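Inspection log for the structure reproduced underneath, given as structure tokens.
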Amino acid sequence: MKAFTLDGFDTPPGLREDLPAPAPADNEVLVRVLASSVNGVDGATAAGVLKAMFEHEFPVVLGRDYAGVVERVGSRVTRYAEGDEVYGALMHANPTVHDGSWAELIVVPEDDFVARKPAGLELAAAGAVPLAGITAMLALDALDLSEGDTILVMGASGGVGSFAVQLAAHAGATVIAPGFPEDEDYLRGLGVDEVLERGDDIVRVVRERHPDGVDALLDLVSYAPEGFDAHATVLKPGGRGASALRAAGDGPGRTNVMAVPSPENLGRLGRLVDAGTLRVPIQSTYGGLDRAGEALRAFGTTHTRGKLGIRMT
């Protein structure tokens, strides 16, 4: 079986064609993966960032998101059948860093990490939405926006940010986000009301425009509490802040969000897509599993609007 793997911390990831094909246990579903995408955790895994946090079982198959077709089911599976189109995401450590989705075939438990593909999405788009979409959805849950609230989204043009902006706009909030001049049409198309010049002193500009502060902050760019704290100075007293990078720290109104690709969350995400509340912006799609490394490098070195997709064939 072909898979894109990390074989050790001292070697770059690459394509292998000699992995054994998995077989489903009684409660598992065998999925032929047809589409995926790149997320920040994929780059972190490939760079060895997680080696001090989790045990790695090599070869590590990279990739989290997937969309595909059920090829076979275990003897006790009742909710899926051969030929069903499904989507989902795999956890980065379950319990070791080992299983990933950048492979021709994967197995997933019937009751976790998998759901039926949203009817309104093609497989290529379904493979780009799970992890970033769920992260955005849970972040907006934590921020609890209401009609008329204001929210500053740092990192609005990326994968999670692109989904979060759409959800915030749907909630009736005024969305503020930094962006490059070439990003303005893209961000406004997602629902951003105020596009600030990226590179300016964002905190100063927000304070000037909103002297009473904003209601909410979604910080998708700060990797340390110091950065989050600096951005959080624009919040009103009692304002809410969320981070997808574990930078929010502790305290009232602060939430660190982690995507949980449960069937419940995947089902809810699918309903948002099918209702037209969320669309899936994909900047580029890389055709073929052998181009996963190219997609991974692009994610780490170029400015991205939305997601970078990968077709497996």
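Letters for chains follow the order of the structure tokens (A, B, ...), residue numbers begin at 1 for each chain, and ligand numbers begin at 1 in the order shown.
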
Non-local contacts of region 120-128 of chain A (8 Å; only C-alpha atoms; under 6 positions in same chain excluded) as a list in words: Leu34, Ala35, Ser36, Ser37, Val38, Asp65, Tyr66, Ala67, Gly68, Tyr87, Gly88, Val273, Asp274, Val280, Ile282, Lys307, Leu308, Gly309, Ile310 and Arg311 of chain A

Generate a file of the selected residues that holds C-alpha atoms, formatted as a PDB file, in the first residue's frame.
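The result, stored in result-v3.pdb:
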ATOM      1  CA  LEU A  34      -9.672   9.816  -2.083  1.00  0.00           C
ATOM      2  CA  ALA A  35      -9.033  13.303  -0.692  1.00  0.00           C
ATOM      3  CA  SER A  36      -7.336  15.040   2.215  1.00  0.00           C
ATOM      4  CA  SER A  37      -5.744  18.380   3.082  1.00  0.00           C
ATOM      5  CA  VAL A  38      -2.872  19.916   5.009  1.00  0.00           C
ATOM      6  CA  ASP A  65      -8.325  14.830   7.283  1.00  0.00           C
ATOM      7  CA  TYR A  66      -9.868  12.356   4.865  1.00  0.00           C
ATOM      8  CA  ALA A  67     -12.812  11.771   2.585  1.00  0.00           C
ATOM      9  CA  GLY A  68     -13.404   8.563   0.709  1.00  0.00           C
ATOM     10  CA  TYR A  87     -15.384  11.792   5.778  1.00  0.00           C
ATOM     11  CA  GLY A  88     -13.617  12.509   9.036  1.00  0.00           C
ATOM     12  CA  VAL A 273     -22.160  22.829   5.076  1.00  0.00           C
ATOM     13  CA  ASP A 274     -25.385  21.418   3.655  1.00  0.00           C
ATOM     14  CA  VAL A 280     -14.976  25.229   1.813  1.00  0.00           C
ATOM     15  CA  ILE A 282      -9.507  25.615  -1.311  1.00  0.00           C
ATOM     16  CA  LYS A 307      -7.080  25.155   2.545  1.00  0.00           C
ATOM     17  CA  LEU A 308      -4.537  23.198   0.518  1.00  0.00           C
ATOM     18  CA  GLY A 309      -6.154  19.998  -0.707  1.00  0.00           C
ATOM     19  CA  ILE A 310      -4.604  16.672  -1.705  1.00  0.00           C
ATOM     20  CA  ARG A 311      -6.163  14.133  -4.067  1.00  0.00           C
TER      21      ARG A 311
END

Selection near Val60 (chain A), 6 Å with only C-alpha atoms, sequence-local residues under 2 positions removed, as a list in words: Thr5, Leu6, Phe58 and His98 of chain A

Residue subset to file, keeping N, CA and C atoms, as a compact mmCIF listing (two decimals), in the first residue's frame:
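Wrote it out as part.txt, contents follow:
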# COMPACT_ATOMS: atom_id res chain seq x y z
N THR A 5 4.88 8.92 4.60
CA THR A 5 5.26 8.61 5.97
C THR A 5 6.49 9.39 6.44
N LEU A 6 6.58 9.47 7.75
CA LEU A 6 7.79 9.92 8.45
C LEU A 6 8.40 8.68 9.08
N PHE A 58 7.06 4.42 14.51
CA PHE A 58 7.42 4.55 13.10
C PHE A 58 7.15 3.26 12.33
N HIS A 98 1.10 7.58 15.04
CA HIS A 98 1.35 6.45 14.13
C HIS A 98 0.41 6.48 12.93

Polymer residues at most 9 Å from Val160 (chain A), only C-alpha atoms, same-chain spacing of 5 or more positions, as a list of chain:residue names: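 Surrounding residues, per the criterion: A:Leu131, A:Ala132, A:Gly133, A:Ile134, A:Thr135, A:Ala136, A:Gly155, A:Val165, A:Leu220, A:Ala244, A:Gly306, A:Lys307.
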
Nearest to Gly189 (chain A), chosen from A:Leu289, A:Ala169, A:Gly100, A:Ser243, with only C-alpha atoms counted in the distances: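 Of all the options, A:Ala169 lies closest to Gly189 (chain A).
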
Who sits within 7 Å of region 27-32 of chain A, only C-alpha atoms, same chain under 5 positions skipped, as a list in words: Gly68, Val69, Val70, Glu71, Arg72, Val73, Gly74, Ser75, Arg76, Val77, Glu104, Leu105, Ile106, Val107, Val108, Pro109 and Glu110 of chain A

DSSP strand (DSSP E or B) residues within region 75-206 of chain A, listed as an NGL selection string: :A and (85-89 or 97 or 103 or 105-109 or 114-116 or 150-154 or 174-179 or 194-197)

Those residues you just picked out, can you put them in a file as a CSV table (one decimal), in the first residue's frame with C-alpha atoms?
chain,number,residue,atom,x,y,z
A,85,GLU,CA,-19.1,8.0,1.0
A,86,VAL,CA,-17.7,9.2,4.3
A,87,TYR,CA,-15.4,11.8,5.8
A,88,GLY,CA,-13.6,12.5,9.0
A,89,ALA,CA,-10.3,13.1,10.7
A,97,VAL,CA,1.7,9.1,16.8
A,103,ALA,CA,-2.6,6.6,2.6
A,105,LEU,CA,-6.5,2.8,2.8
A,106,ILE,CA,-7.3,3.5,6.5
A,107,VAL,CA,-9.4,1.8,9.2
A,108,VAL,CA,-11.6,3.8,11.6
A,109,PRO,CA,-13.9,2.6,14.4
A,114,VAL,CA,-16.1,9.0,10.8
A,115,ALA,CA,-19.4,10.3,9.5
A,116,ARG,CA,-21.3,10.3,6.2
A,150,THR,CA,-17.6,42.5,17.5
A,151,ILE,CA,-14.9,39.9,17.1
A,152,LEU,CA,-11.2,40.3,16.1
A,153,VAL,CA,-9.9,37.3,14.2
A,154,MET,CA,-6.2,36.9,13.9
A,174,THR,CA,-19.1,42.5,13.1
A,175,VAL,CA,-15.9,40.7,12.0
A,176,ILE,CA,-12.5,42.5,12.1
A,177,ALA,CA,-9.4,40.9,10.6
A,178,PRO,CA,-5.9,41.9,9.5
A,179,GLY,CA,-5.0,41.0,5.9
A,194,GLU,CA,-13.3,45.6,8.6
A,195,VAL,CA,-10.0,44.5,6.9
A,196,LEU,CA,-7.0,46.0,8.7
A,197,GLU,CA,-3.6,46.4,7.0

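Taking only region 75-169 of chain A, the residues that DSSP calls helix (DSSP H, G or I) from the backbone come to Leu123, Ala124, Ala125, Ala126, Pro130, Leu131, Ala132, Gly133, Ile134, Thr135, Ala136, Met137, Leu138, Ala139, Leu140, Asp141, Ala142, Leu143, Gly159, Val160, Gly161, Ser162, Phe163, Ala164, Val165, Gln166, Leu167, Ala168 and Ala169 of chain A.
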
Best match for closeness to Gly300 (chain A) among A:Glu182, A:Met53, A:Trp102, A:Gly158, counting only C-alpha atoms: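 Ranking A:Glu182, A:Met53, A:Trp102, A:Gly158 by distance to Gly300 (chain A), first place goes to A:Gly158.
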
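Separating CA of His56 (chain A) from CA of Thr96 (chain A) is a distance of 5.6 Å.
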
Pick from A:Ala173, A:Ala21, A:Ala44, A:Val206, whichever lies nearest to His92 (chain A) using only C-alpha atoms: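 Looking at the shortest contact to His92 (chain A), the residue is A:Ala44.
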
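For the atom pair formed by CA of Arg64 (chain A) and CA of Asp144 (chain A), the distance is 27.2 Å, given to one decimal.
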
Top pick for closest residue to Gly276 (chain A), considering A:Thr302, A:Gln166, A:Ser262, A:Thr11 and counting only C-alpha atoms: A:Gln166

Distance query Pro252 (chain A) at most 9 Å, only C-alpha atoms, self and fewer than 3 positions along chain excluded, as a ChimeraX atom specification: /A:238,240,255

Contacts of Thr301 (chain A) at 12 Å (only C-alpha atoms; same-chain gap of 5+ positions) as a VMD selection string: chain A and resid 40 43 294 to 296

Would you save the residues from that selection as a CSV table (one decimal), in the first residue's frame, using N, CA and C atoms?
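In the end it all went to out.csv:
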chain,number,residue,atom,x,y,z
A,40,GLY,N,-1.9,22.3,10.3
A,40,GLY,CA,-0.7,22.7,11.0
A,40,GLY,C,-0.1,21.5,11.7
A,43,GLY,N,2.5,19.6,9.6
A,43,GLY,CA,3.8,20.2,9.6
A,43,GLY,C,4.6,20.0,10.9
A,294,GLU,N,5.0,18.2,-1.5
A,294,GLU,CA,4.9,19.5,-2.1
A,294,GLU,C,3.9,20.4,-1.4
A,295,ALA,N,2.7,19.7,-1.1
A,295,ALA,CA,1.7,20.4,-0.4
A,295,ALA,C,2.1,20.8,1.0
A,296,LEU,N,2.8,19.9,1.7
A,296,LEU,CA,3.3,20.2,3.0
A,296,LEU,C,4.3,21.4,3.1

Nearest residue to Ala47 (chain A) from the set A:Pro225, A:Gly267, A:Pro12, A:Gly239 (distances using only C-alpha atoms):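 Looking only at the distances to Ala47 (chain A), the closest residue turns out to be A:Pro12.
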
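With only C-alpha atoms as the atoms that count, the minimum distance from Leu245 (chain A) to the choices A:Ala224, A:Ala156, A:Ala81, A:Val260 is reached by A:Ala224.
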